[in-house]
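Here's upload.cif, which has mmCIF, C-alpha atoms:
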data_work
loop_
_atom_site.label_atom_id
_atom_site.label_comp_id
_atom_site.auth_asym_id
_atom_site.auth_seq_id
_atom_site.Cartn_x
_atom_site.Cartn_y
_atom_site.Cartn_z
CA MET O 1 77.68 116.07 129.60
CA THR O 2 76.94 119.21 127.57
CA ILE O 3 76.97 119.36 123.79
CA MET O 4 80.23 121.35 123.81
CA GLN O 5 81.86 118.81 126.11
CA ARG O 6 80.80 116.02 123.75
CA VAL O 7 82.21 117.92 120.76
CA THR O 8 85.46 118.60 122.64
CA GLU O 9 85.81 114.95 123.58
CA LEU O 10 85.11 113.86 120.02
CA LEU O 11 87.77 116.20 118.64
CA HIS O 12 90.47 115.19 121.13
CA ARG O 13 90.13 111.43 121.45
CA PRO O 14 91.00 108.76 118.87
CA PRO O 15 87.95 108.37 116.61
CA PRO O 16 86.12 105.08 116.08
CA VAL O 17 86.13 103.38 112.69
CA THR O 18 82.81 104.95 111.71
CA VAL O 19 84.21 108.45 112.21
CA ARG O 20 87.34 107.55 110.24
CA LEU O 21 85.17 106.38 107.35
CA LEU O 22 83.12 109.58 107.54
CA LEU O 23 86.32 111.62 107.36
CA LEU O 24 87.35 109.72 104.23
CA LEU O 25 83.91 110.28 102.70
CA LEU O 26 84.22 113.98 103.53
CA ALA O 27 87.53 114.10 101.65
CA ALA O 28 85.93 112.34 98.68
CA ALA O 29 83.05 114.84 98.70
CA CYS O 30 85.48 117.77 98.72
CA LEU O 31 87.39 116.37 95.77
CA ALA O 32 84.21 115.64 93.82
CA GLY O 33 82.98 119.17 94.56
CA ARG O 34 85.99 120.70 92.85
CA ASP O 35 84.69 119.51 89.48
CA PRO O 36 81.31 117.72 89.79
CA SER O 37 81.00 117.51 86.00
CA LEU O 38 83.55 114.68 85.94
CA LEU O 39 80.99 112.37 87.51
CA THR O 40 78.73 112.64 84.46
CA ALA O 41 81.20 113.72 81.77
CA PRO O 42 84.61 112.15 82.42
CA ARG O 43 87.61 113.09 80.32
CA PHE O 44 91.00 111.75 79.40
CA TRP O 45 93.82 114.04 80.52
CA ALA O 46 96.75 114.55 78.13
CA GLU O 47 98.97 111.43 78.18
CA GLU O 48 96.16 109.37 79.64
CA LEU O 49 94.83 109.26 76.08
CA THR O 50 97.86 109.78 73.87
CA VAL O 51 100.25 107.43 75.71
CA TYR O 52 98.59 105.01 78.13
CA PHE O 53 95.18 104.45 76.54
CA ALA O 54 96.77 104.34 73.08
CA ALA O 55 99.35 101.81 74.30
CA ALA O 56 96.59 99.68 75.82
CA LEU O 57 94.71 99.65 72.51
CA ASP O 58 97.86 98.66 70.63
CA GLY O 59 99.19 96.24 73.25
CA GLY O 60 99.31 92.51 72.78
CA GLY O 61 97.79 91.69 76.16
CA ALA O 62 97.48 92.79 79.77
CA LEU O 63 101.00 91.72 80.73
CA ASP O 64 102.53 93.55 77.78
CA VAL O 65 100.54 96.73 78.51
CA LEU O 66 101.23 96.73 82.25
CA THR O 67 104.98 96.29 81.88
CA GLN O 68 105.67 99.04 79.34
CA ALA O 69 107.74 102.09 80.28
CA HIS O 70 106.73 105.52 78.99
CA LEU O 71 107.81 109.15 79.37
CA GLY O 72 111.22 108.29 80.79
CA TYR O 73 110.08 106.22 83.77
CA TYR O 74 107.89 103.26 84.67
CA SER O 75 104.42 103.77 86.12
CA PHE O 76 102.35 100.72 86.92
CA ILE O 77 99.40 102.84 88.05
CA ALA O 78 99.25 104.82 84.79
CA ASN O 79 99.62 101.63 82.75
CA PHE O 80 96.84 100.00 84.74
CA ALA O 81 94.57 103.03 84.31
CA GLY O 82 95.09 102.97 80.55
CA TRP O 83 94.51 99.21 80.41
CA LEU O 84 91.33 99.49 82.51
CA ALA O 85 89.99 102.25 80.27
CA ALA O 86 90.59 100.05 77.22
CA GLN O 87 88.43 97.31 78.72
CA LEU O 88 85.37 99.58 78.90
CA PRO O 89 83.02 100.58 76.07
CA LEU O 90 84.54 103.52 74.22
CA GLU O 91 81.88 105.95 75.50
CA GLN O 92 82.75 105.10 79.13
CA ALA O 93 86.51 104.62 78.67
CA PRO O 94 87.59 107.73 80.64
CA TYR O 95 85.84 106.36 83.72
CA GLY O 96 88.66 103.81 83.89
CA THR O 97 91.44 106.38 84.32
CA LEU O 98 89.20 108.58 86.49
CA ALA O 99 88.43 105.72 88.89
CA VAL O 100 92.09 104.79 89.29
CA ALA O 101 93.07 108.44 89.80
CA ALA O 102 90.33 108.90 92.41
CA VAL O 103 91.51 105.91 94.44
CA VAL O 104 95.11 107.12 94.36
CA HIS O 105 94.04 110.67 95.19
CA LEU O 106 92.24 109.38 98.28
CA LEU O 107 95.12 107.21 99.52
CA PRO O 108 96.83 110.03 101.47
CA PHE O 109 93.51 110.94 103.10
CA ALA O 110 93.02 107.29 104.04
CA ILE O 111 96.44 107.20 105.72
CA ILE O 112 95.48 110.26 107.76
CA ALA O 113 92.01 108.93 108.59
CA PHE O 114 93.22 105.52 109.73
CA GLY O 115 96.68 106.58 110.90
CA ARG O 116 97.82 106.10 114.47
CA SER O 117 100.63 108.64 114.53
CA PRO O 118 100.46 111.23 117.34
CA LEU O 119 100.13 113.86 114.62
CA PHE O 120 96.88 112.20 113.45
CA ALA O 121 95.78 110.94 116.88
CA SER O 122 92.42 112.69 117.26
CA THR O 123 89.51 113.68 115.06
CA GLY O 124 90.51 117.33 115.27
CA ARG O 125 94.07 116.59 114.21
CA LYS O 126 92.86 114.42 111.35
CA LEU O 127 90.58 117.21 110.13
CA LEU O 128 93.41 119.74 110.28
CA ALA O 129 95.89 117.43 108.52
CA GLY O 130 93.25 116.62 105.91
CA ALA O 131 92.72 120.33 105.28
CA VAL O 132 96.47 120.78 104.73
CA LEU O 133 96.50 117.86 102.31
CA LEU O 134 93.45 119.15 100.46
CA VAL O 135 94.68 122.66 99.64
CA PHE O 136 98.47 122.78 100.01
CA GLY O 137 100.08 122.46 96.60
CA ALA O 138 96.80 121.32 95.00
CA ALA O 139 97.60 122.49 91.48
CA GLY O 140 94.91 122.05 88.85
CA GLU O 141 97.13 119.79 86.72
CA LEU O 142 97.31 117.29 89.61
CA PHE O 143 93.55 116.89 89.94
CA LEU O 144 92.10 113.42 89.33
CA ASN O 145 94.20 112.18 86.46
CA ALA O 146 96.26 109.01 86.34
CA VAL O 147 99.37 110.48 84.70
CA ASN O 148 100.01 112.78 87.67
CA SER O 149 98.88 110.28 90.30
CA GLN O 150 102.56 109.63 90.98
CA VAL O 151 102.61 112.87 93.00
CA HIS O 152 99.80 111.68 95.30
CA LEU O 153 101.60 108.36 95.71
CA ALA O 154 104.75 110.22 96.77
CA VAL O 155 102.73 112.25 99.27
CA SER O 156 101.34 108.96 100.59
CA VAL O 157 104.88 107.75 101.24
CA ALA O 158 105.66 111.01 103.07
CA LEU O 159 102.64 110.42 105.31
CA ILE O 160 103.83 106.86 105.90
CA TYR O 161 107.13 108.32 107.08
CA LEU O 162 105.24 110.44 109.61
CA GLU O 163 102.99 107.53 110.54
CA LEU O 164 105.93 105.29 111.44
CA THR O 165 107.14 107.51 114.27
CA ARG O 166 105.75 104.67 116.38
CA SER O 167 105.67 100.93 115.65
CA PRO O 168 102.48 99.96 113.76
CA GLU O 169 100.43 96.82 114.15
CA ARG O 170 101.31 93.99 111.77
CA GLY O 171 98.21 94.37 109.60
CA TRP O 172 98.61 98.14 109.31
CA LEU O 173 102.29 97.74 108.46
CA ALA O 174 101.39 95.28 105.71
CA THR O 175 98.91 97.82 104.29
CA LEU O 176 101.45 100.64 104.39
CA THR O 177 104.09 98.43 102.79
CA GLY O 178 101.67 97.57 99.98
CA ILE O 179 100.97 101.26 99.35
CA THR O 180 104.71 101.94 99.34
CA ALA O 181 105.37 99.14 96.87
CA LEU O 182 102.70 100.55 94.54
CA ALA O 183 104.27 104.00 94.85
CA ALA O 184 107.75 102.63 94.22
CA ILE O 185 106.78 101.09 90.86
CA SER O 186 104.69 104.07 89.81
CA SER O 187 106.42 107.21 91.08
CA PRO O 188 110.08 108.21 90.76
CA GLN O 189 109.30 111.01 93.22
CA ALA O 190 108.28 108.43 95.82
CA CYS O 191 111.61 106.68 95.27
CA PHE O 192 113.41 109.90 96.24
CA THR O 193 112.27 109.30 99.84
CA THR O 194 114.29 106.06 100.11
CA PRO O 195 117.35 107.51 101.92
CA ALA O 196 115.14 108.94 104.69
CA PHE O 197 113.77 105.50 105.58
CA TRP O 198 117.21 103.84 105.46
CA LEU O 199 118.71 106.55 107.67
CA ARG O 200 115.95 106.24 110.22
CA TRP O 201 116.26 102.43 110.18
CA TRP O 202 120.01 102.80 110.79
CA ARG O 203 119.30 104.99 113.83
CA ARG O 204 116.35 103.06 115.31
CA ARG O 205 116.58 99.55 113.83
CA GLU O 206 112.79 99.40 113.55
CA THR O 207 111.37 96.62 111.38
CA ALA O 208 108.76 98.96 109.87
CA ASP O 209 111.42 101.28 108.46
CA LEU O 210 113.28 98.29 107.02
CA TRP O 211 110.19 96.99 105.19
CA ILE O 212 109.37 100.39 103.70
CA ALA O 213 112.99 101.13 102.77
CA SER O 214 113.32 97.74 101.07
CA ALA O 215 110.15 98.26 99.03
CA LEU O 216 111.35 101.69 97.92
CA THR O 217 114.81 100.39 97.06
CA SER O 218 113.28 97.81 94.73
CA GLY O 219 111.40 100.61 92.99
CA CYS O 220 114.59 102.68 92.73
CA LEU O 221 116.36 99.83 90.98
CA LEU O 222 113.48 99.45 88.53
CA GLN O 223 113.31 103.17 87.76
CA ALA O 224 117.10 103.38 87.41
CA MET O 225 117.06 100.52 84.93
CA VAL O 226 114.41 102.30 82.84
CA VAL O 227 116.41 105.53 82.84
CA LEU O 228 119.77 103.89 82.09
CA LEU O 229 118.37 101.76 79.29
CA GLY O 230 116.39 104.69 77.89
CA SER O 231 113.43 102.37 77.34
CA GLY O 232 110.88 104.94 78.49
CA GLY O 233 111.80 107.74 76.11
CA ARG O 234 112.32 111.45 76.96
CA THR O 235 115.46 110.72 78.99
CA GLY O 236 117.66 113.01 76.94
CA SER O 237 115.26 115.95 77.14
CA ARG O 238 114.76 115.46 80.88
CA PHE O 239 118.30 115.73 82.24
CA ARG O 240 119.64 119.06 81.12
CA PHE O 241 120.01 122.41 82.79
CA THR O 242 117.73 125.24 81.82
CA GLU O 243 119.27 128.10 79.90
CA ASN O 244 118.72 130.43 82.85
CA VAL O 245 120.44 128.93 85.92
CA GLY O 246 119.17 131.82 88.03
CA GLU O 247 115.60 130.86 87.13
CA TRP O 248 116.38 127.24 88.08
CA LEU O 249 117.74 128.27 91.49
CA GLN O 250 114.77 130.58 92.03
CA GLY O 251 112.44 127.63 91.42
CA ILE O 252 114.19 125.55 94.07
CA ILE O 253 113.99 128.35 96.65
CA GLU O 254 110.35 129.01 95.78
CA ALA O 255 109.52 125.33 96.25
CA VAL O 256 110.42 125.46 99.94
CA MET O 257 109.69 129.11 100.85
CA ARG O 258 106.79 130.75 99.02
CA TYR O 259 104.93 127.95 97.34
CA PRO O 260 104.15 125.73 100.36
CA LEU O 261 102.13 128.45 102.08
CA PHE O 262 101.02 130.78 99.31
CA GLY O 263 101.02 128.77 96.10
CA ARG O 264 100.35 131.08 93.18
CA PHE O 265 98.17 133.43 95.23
CA SER O 266 100.55 136.39 94.95
CA ASP O 267 100.95 136.19 91.16
CA ASN O 268 97.93 138.29 90.20
CA HIS O 269 96.85 140.13 93.35
CA GLY O 270 98.91 143.33 93.32
CA TRP O 271 101.93 144.68 95.15
CA MET O 272 100.42 144.75 98.62
CA VAL O 273 99.69 141.03 98.56
CA LEU O 274 103.12 140.39 97.07
CA LEU O 275 104.80 142.24 99.93
CA ILE O 276 102.79 140.26 102.49
CA VAL O 277 103.75 137.01 100.79
CA VAL O 278 107.43 137.98 100.69
CA ALA O 279 107.36 138.88 104.39
CA GLY O 280 105.55 135.64 105.23
CA SER O 281 108.02 133.62 103.18
CA LEU O 282 110.95 135.17 105.05
CA VAL O 283 109.34 134.33 108.40
CA PHE O 284 108.75 130.81 107.11
CA ALA O 285 112.40 130.58 106.11
CA ALA O 286 113.41 131.67 109.64
CA PHE O 287 111.15 128.98 111.09
CA GLN O 288 112.77 126.34 108.89
CA ILE O 289 116.27 127.48 109.83
CA ARG O 290 115.36 127.12 113.52
CA VAL O 291 114.05 123.60 112.90
CA LEU O 292 117.22 122.73 111.01
CA ARG O 293 119.43 124.00 113.83
CA GLN O 294 117.49 122.85 116.89
CA GLY O 295 114.84 120.34 115.84
CA PRO O 296 112.65 118.54 116.54
CA ARG O 297 111.48 116.97 113.28
CA ARG O 298 114.63 118.05 111.47
CA ASP O 299 114.33 114.91 109.34
CA TRP O 300 110.89 116.02 108.08
CA LEU O 301 112.43 119.27 106.90
CA LEU O 302 115.36 117.59 105.17
CA LEU O 303 112.98 115.14 103.50
CA ALA O 304 110.87 118.01 102.14
CA TRP O 305 113.94 119.87 100.90
CA GLY O 306 115.62 116.82 99.41
CA VAL O 307 112.61 115.52 97.50
CA SER O 308 111.74 119.02 96.24
CA LEU O 309 115.28 119.44 94.93
CA LEU O 310 115.42 116.01 93.29
CA SER O 311 111.95 116.46 91.78
CA ILE O 312 113.01 119.66 90.04
CA LEU O 313 116.26 118.09 88.87
CA ALA O 314 114.30 115.17 87.38
CA SER O 315 111.63 117.33 85.73
CA LEU O 316 111.54 117.88 81.97
CA GLY O 317 114.39 120.21 81.12
CA MET O 318 114.94 120.52 84.89
CA ARG O 319 112.50 123.42 84.83
CA GLY O 320 110.26 122.33 87.71
CA GLY O 321 106.68 123.53 88.02
CA ASP O 322 103.65 123.14 90.25
CA ARG O 323 103.37 119.38 89.96
CA TYR O 324 106.85 118.92 91.41
CA MET O 325 106.21 121.07 94.49
CA MET O 326 103.15 119.48 96.10
CA PHE O 327 105.23 116.95 98.06
CA GLY O 328 107.23 119.65 99.83
CA ALA O 329 104.18 121.87 100.30
CA VAL O 330 102.21 119.18 102.13
CA LEU O 331 105.13 117.99 104.27
CA LEU O 332 106.12 121.52 105.29
CA GLY O 333 102.49 122.34 106.06
CA LEU O 334 102.31 119.31 108.35
CA LEU O 335 105.60 120.38 109.93
CA LEU O 336 103.97 123.71 110.84
CA MET O 337 100.97 121.84 112.23
CA ALA O 338 103.17 119.60 114.37
CA ALA O 339 105.12 122.60 115.73
CA ALA O 340 101.98 124.58 116.49
CA LEU O 341 100.49 121.67 118.47
CA ASP O 342 103.70 120.70 120.28
CA PRO O 343 103.47 121.75 123.97
CA GLU O 344 107.22 121.33 124.37
CA GLN O 345 107.96 124.10 121.87
CA PRO O 346 108.50 127.71 123.07
CA PRO O 347 105.19 129.62 122.94
CA VAL O 348 106.55 132.20 120.51
CA TRP O 349 107.50 129.56 117.94
CA ARG O 350 104.20 127.77 118.41
CA ARG O 351 102.42 131.04 117.64
CA ILE O 352 104.61 131.68 114.61
CA ALA O 353 103.97 128.17 113.30
CA GLY O 354 100.24 128.48 113.96
CA GLY O 355 100.07 131.88 112.27
CA LEU O 356 101.90 130.65 109.18
CA LEU O 357 99.73 127.55 109.02
CA ALA O 358 96.54 129.61 109.34
CA ALA O 359 97.72 132.00 106.62
CA GLY O 360 98.57 129.12 104.32
CA LEU O 361 95.24 127.39 104.88
CA LEU O 362 93.26 130.59 104.33
CA LEU O 363 95.06 131.84 101.23
CA GLN O 364 95.33 128.45 99.55
CA ALA O 365 91.70 127.67 100.33
CA VAL O 366 90.67 130.96 98.74
CA ASP O 367 92.80 130.18 95.69
CA TRP O 368 91.96 126.45 95.60
CA GLN O 369 89.15 126.68 93.05
CA PRO O 370 90.48 129.61 90.97
CA ARG O 371 93.80 127.86 90.32
CA PHE O 372 91.83 124.99 88.81
CA ALA O 373 90.14 127.26 86.26
CA GLY O 374 92.90 126.94 83.67
CA PHE O 375 92.56 123.16 83.74
CA HIS O 376 88.83 122.97 83.19
CA ASP O 377 86.89 124.76 80.49
CA PRO O 378 83.24 124.01 79.62
CA GLY O 379 84.10 125.01 76.06
CA TRP O 380 86.40 122.03 75.59
CA SER O 381 84.73 119.21 73.71
CA ALA O 382 83.33 116.41 75.85
CA TRP O 383 84.45 112.82 75.34
CA SER O 384 80.89 111.83 74.41
CA ASP O 385 80.99 114.34 71.55
CA GLU O 386 84.36 113.01 70.43
CA VAL O 387 83.02 109.45 70.27
CA ARG O 388 79.81 110.54 68.55
CA ASP O 389 81.77 112.29 65.81
CA LEU O 390 84.01 109.23 65.48
CA ARG O 391 81.07 106.84 65.14
CA SER O 392 79.37 109.08 62.60
CA GLY O 393 82.50 109.16 60.46
CA GLN O 394 83.00 112.93 60.80
CA THR O 395 86.51 112.43 62.16
CA ASP O 396 89.04 109.74 62.94
CA ARG O 397 90.73 111.67 65.77
CA VAL O 398 89.64 111.95 69.37
CA HIS O 399 90.94 114.61 71.77
CA ALA O 400 91.83 114.69 75.44
CA HIS O 401 91.86 117.63 77.83
CA PRO O 402 93.43 120.15 78.11
CA GLN O 403 92.55 121.74 74.79
CA TRP O 404 94.69 124.84 75.03
CA PRO O 405 95.48 126.83 71.87
CA GLY O 406 98.45 125.32 70.09
CA VAL O 407 98.28 122.08 72.08
CA ASP O 408 97.08 118.87 70.46
CA TRP O 409 96.40 115.95 72.79
CA SER O 410 94.74 113.60 70.31
CA ILE O 411 95.10 110.19 68.68
CA THR O 412 93.72 108.53 65.57
CA LEU O 413 91.22 105.72 66.10
CA PRO O 414 89.53 103.47 63.54
CA PRO O 415 85.73 103.80 63.38
CA PRO O 416 84.19 101.58 66.10
CA GLN O 417 82.43 98.48 64.86
#

Here is the file; what I need is its structure written in the form of structure tokens.
Amino acid sequence: MTIMQRVTELLHRPPPVTVRLLLLLLAAACLAGRDPSLLTAPRFWAEELTVYFAAALDGGGALDVLTQAHLGYYSFIANFAGWLAAQLPLEQAPYGTLAVAAVVHLLPFAIIAFGRSPLFASTGRKLLAGAVLLVFGAAGELFLNAVNSQVHLAVSVALIYLELTRSPERGWLATLTGITALAAISSPQACFTTPAFWLRWWRRRETADLWIASALTSGCLLQAMVVLLGSGGRTGSRFRFTENVGEWLQGIIEAVMRYPLFGRFSDNHGWMVLLIVVAGSLVFAAFQIRVLRQGPRRDWLLLAWGVSLLSILASLGMRGGDRYMMFGAVLLGLLLMAAALDPEQPPVWRRIAGGLLAAGLLLQAVDWQPRFAGFHDPGWSAWSDEVRDLRSGQTDRVHAHPQWPGVDWSITLPPPQ
């Protein structure tokens, strides 16, 4: 067997466990490479410090800290990250939130690496799906912080939906149900996927769908209770229409047309690029209309649309933004991948899907690091400097990132003993 034949066989057959682990390590290396400085100089990000770490310092105990609701919803994972950070020496505290965020960030890659869905059946397919997950919708504000880990948990649930196109083994189903339960009590966006699982269970009567739907329903009830009781704060400022309804509608359309493939690439690259992006978005819209009318995978499309819409409606001021569009971007990217690899699809639509997918991968990969620039600045003070100034008595306030002009993510701490 030649080297090329061995490579071809490796890419087209289900990989062994060792290869799956290597794929997960590759994903971890890619994430670490986006900002290697975090390994030696971790930081708190925004509400990680001012809400969750502060609450952990003020809390009466682990149970009290882990059951608090903040920011208009309940997030076990953010509470746990803040509590874990509070258990570490002050100098190393941000490693607590960073570690939790890293694990959550890797969960979707783990589902792809160890998944048994036909979409993730071979090493080659896993690599391609991992590439989609890595760059599609990967906004800088979503990178390795616990407060926005809810988005990665929601994406994990979307991948579980794709994974359950066939009945899983009992142990794998238990793992996926555990991930879903964690997402349900940490991510309102993950709860938005609940109707999709119930509808599919109603059609197929598969036990796996019932377990996942039940776990998500429990989370929905919890999140609804927090919202209705107003115990998490910010509820009043969250549910209101923006002053410009046209801008609101534009955001919804952008979430499912331009953003999934092109992100913010066209914003600062001139008219020629803008025209290409508009043309590509219209072709993408035509592809989605065909899927909606003829299938297959119509349910994937409706799930992407529905969660994108609900995410924008539930955002602060209902204004939307990058963090609310990653779910749809990843799911629509995987829809293109599935169509391009489907031998039962007409060749012309396979080529269109493959071309759109290739364009999205290329442009978002090119823009992957630049779009992170606004969320990392070497000029921002390091946490070690904050603690040093606190211990020396020069200040009683410590700051988180980002440290944009006019933004103050800081809390007051007593001098450490």

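Distance annotation: of O:Ala285, O:Ala121, O:Leu261, O:Leu182, the residue with the minimal separation from Leu107 of chain O is O:Leu182; atom set is only C-alpha atoms.
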
Checklist entry - Could you pull the residues within 12 Å of Asp389 of chain O, counting all atoms listed in the file, minus those fewer than 3 positions along the same chain, as a ChimeraX atom specification? => result /O:91,381-386,392-399,413-416

Item to check | Test item: the PyMOL selection byres ((chain O and resi 70-82) around 9) resolved as a ChimeraX atom specification | outcome: /O:48-49,51-57,62,65-69,83-87,93-94,96-101,104,146-150,182-188,222-224,226-227,230-236,238

Sel. within 12 Å of pt (96.2, 119.5, 101.5), counting all atoms listed in the file, output as a PDB file with C-alpha atoms, in the coordinates of the input:
ATOM      1  CA  ALA O  27      87.530 114.100 101.650  1.00  0.00           C
ATOM      2  CA  CYS O  30      85.480 117.770  98.720  1.00  0.00           C
ATOM      3  CA  LEU O  31      87.390 116.370  95.770  1.00  0.00           C
ATOM      4  CA  HIS O 105      94.040 110.670  95.190  1.00  0.00           C
ATOM      5  CA  LEU O 106      92.240 109.380  98.280  1.00  0.00           C
ATOM      6  CA  PRO O 108      96.830 110.030 101.470  1.00  0.00           C
ATOM      7  CA  PHE O 109      93.510 110.940 103.100  1.00  0.00           C
ATOM      8  CA  ILE O 112      95.480 110.260 107.760  1.00  0.00           C
ATOM      9  CA  LYS O 126      92.860 114.420 111.350  1.00  0.00           C
ATOM     10  CA  LEU O 127      90.580 117.210 110.130  1.00  0.00           C
ATOM     11  CA  LEU O 128      93.410 119.740 110.280  1.00  0.00           C
ATOM     12  CA  ALA O 129      95.890 117.430 108.520  1.00  0.00           C
ATOM     13  CA  GLY O 130      93.250 116.620 105.910  1.00  0.00           C
ATOM     14  CA  ALA O 131      92.720 120.330 105.280  1.00  0.00           C
ATOM     15  CA  VAL O 132      96.470 120.780 104.730  1.00  0.00           C
ATOM     16  CA  LEU O 133      96.500 117.860 102.310  1.00  0.00           C
ATOM     17  CA  LEU O 134      93.450 119.150 100.460  1.00  0.00           C
ATOM     18  CA  VAL O 135      94.680 122.660  99.640  1.00  0.00           C
ATOM     19  CA  PHE O 136      98.470 122.780 100.010  1.00  0.00           C
ATOM     20  CA  GLY O 137     100.080 122.460  96.600  1.00  0.00           C
ATOM     21  CA  ALA O 138      96.800 121.320  95.000  1.00  0.00           C
ATOM     22  CA  ALA O 139      97.600 122.490  91.480  1.00  0.00           C
ATOM     23  CA  HIS O 152      99.800 111.680  95.300  1.00  0.00           C
ATOM     24  CA  VAL O 155     102.730 112.250  99.270  1.00  0.00           C
ATOM     25  CA  SER O 156     101.340 108.960 100.590  1.00  0.00           C
ATOM     26  CA  LEU O 159     102.640 110.420 105.310  1.00  0.00           C
ATOM     27  CA  PRO O 260     104.150 125.730 100.360  1.00  0.00           C
ATOM     28  CA  LEU O 261     102.130 128.450 102.080  1.00  0.00           C
ATOM     29  CA  GLY O 263     101.020 128.770  96.100  1.00  0.00           C
ATOM     30  CA  MET O 326     103.150 119.480  96.100  1.00  0.00           C
ATOM     31  CA  PHE O 327     105.230 116.950  98.060  1.00  0.00           C
ATOM     32  CA  GLY O 328     107.230 119.650  99.830  1.00  0.00           C
ATOM     33  CA  ALA O 329     104.180 121.870 100.300  1.00  0.00           C
ATOM     34  CA  VAL O 330     102.210 119.180 102.130  1.00  0.00           C
ATOM     35  CA  LEU O 331     105.130 117.990 104.270  1.00  0.00           C
ATOM     36  CA  LEU O 332     106.120 121.520 105.290  1.00  0.00           C
ATOM     37  CA  GLY O 333     102.490 122.340 106.060  1.00  0.00           C
ATOM     38  CA  LEU O 334     102.310 119.310 108.350  1.00  0.00           C
ATOM     39  CA  MET O 337     100.970 121.840 112.230  1.00  0.00           C
ATOM     40  CA  LEU O 357      99.730 127.550 109.020  1.00  0.00           C
ATOM     41  CA  GLY O 360      98.570 129.120 104.320  1.00  0.00           C
ATOM     42  CA  LEU O 361      95.240 127.390 104.880  1.00  0.00           C
ATOM     43  CA  LEU O 362      93.260 130.590 104.330  1.00  0.00           C
ATOM     44  CA  GLN O 364      95.330 128.450  99.550  1.00  0.00           C
ATOM     45  CA  ALA O 365      91.700 127.670 100.330  1.00  0.00           C
ATOM     46  CA  TRP O 368      91.960 126.450  95.600  1.00  0.00           C
TER      47      TRP O 368
END

Next on the checklist: So the first atom is atom CA of Trp380 of chain O and the second is atom CA of Phe265 of chain O; what is the distance between them in Å, to one decimal place?
Outcome noted: 25.6 Å

Item to check | Residues within 12 Å of (83.0, 108.2, 107.3), counting only C-alpha atoms, listed as a PyMOL selection string | outcome: chain O and resi 15-29+109-110+113-114+123

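Put simply, the PyMOL selection byres ((chain O and resi 257) around 9) on this file hits Ile252, Ile253, Glu254, Ala255, Val256, Arg258, Tyr259, Pro260, Leu261, Phe262, Gly280, Ser281, Leu282, Phe284 and Ala285 of chain O.
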
Checklist entry - Between O:Thr40, O:Trp305, O:Phe372, O:Pro195, which one has atoms that come closest to Leu292 of chain O, using only C-alpha atoms? => result O:Trp305
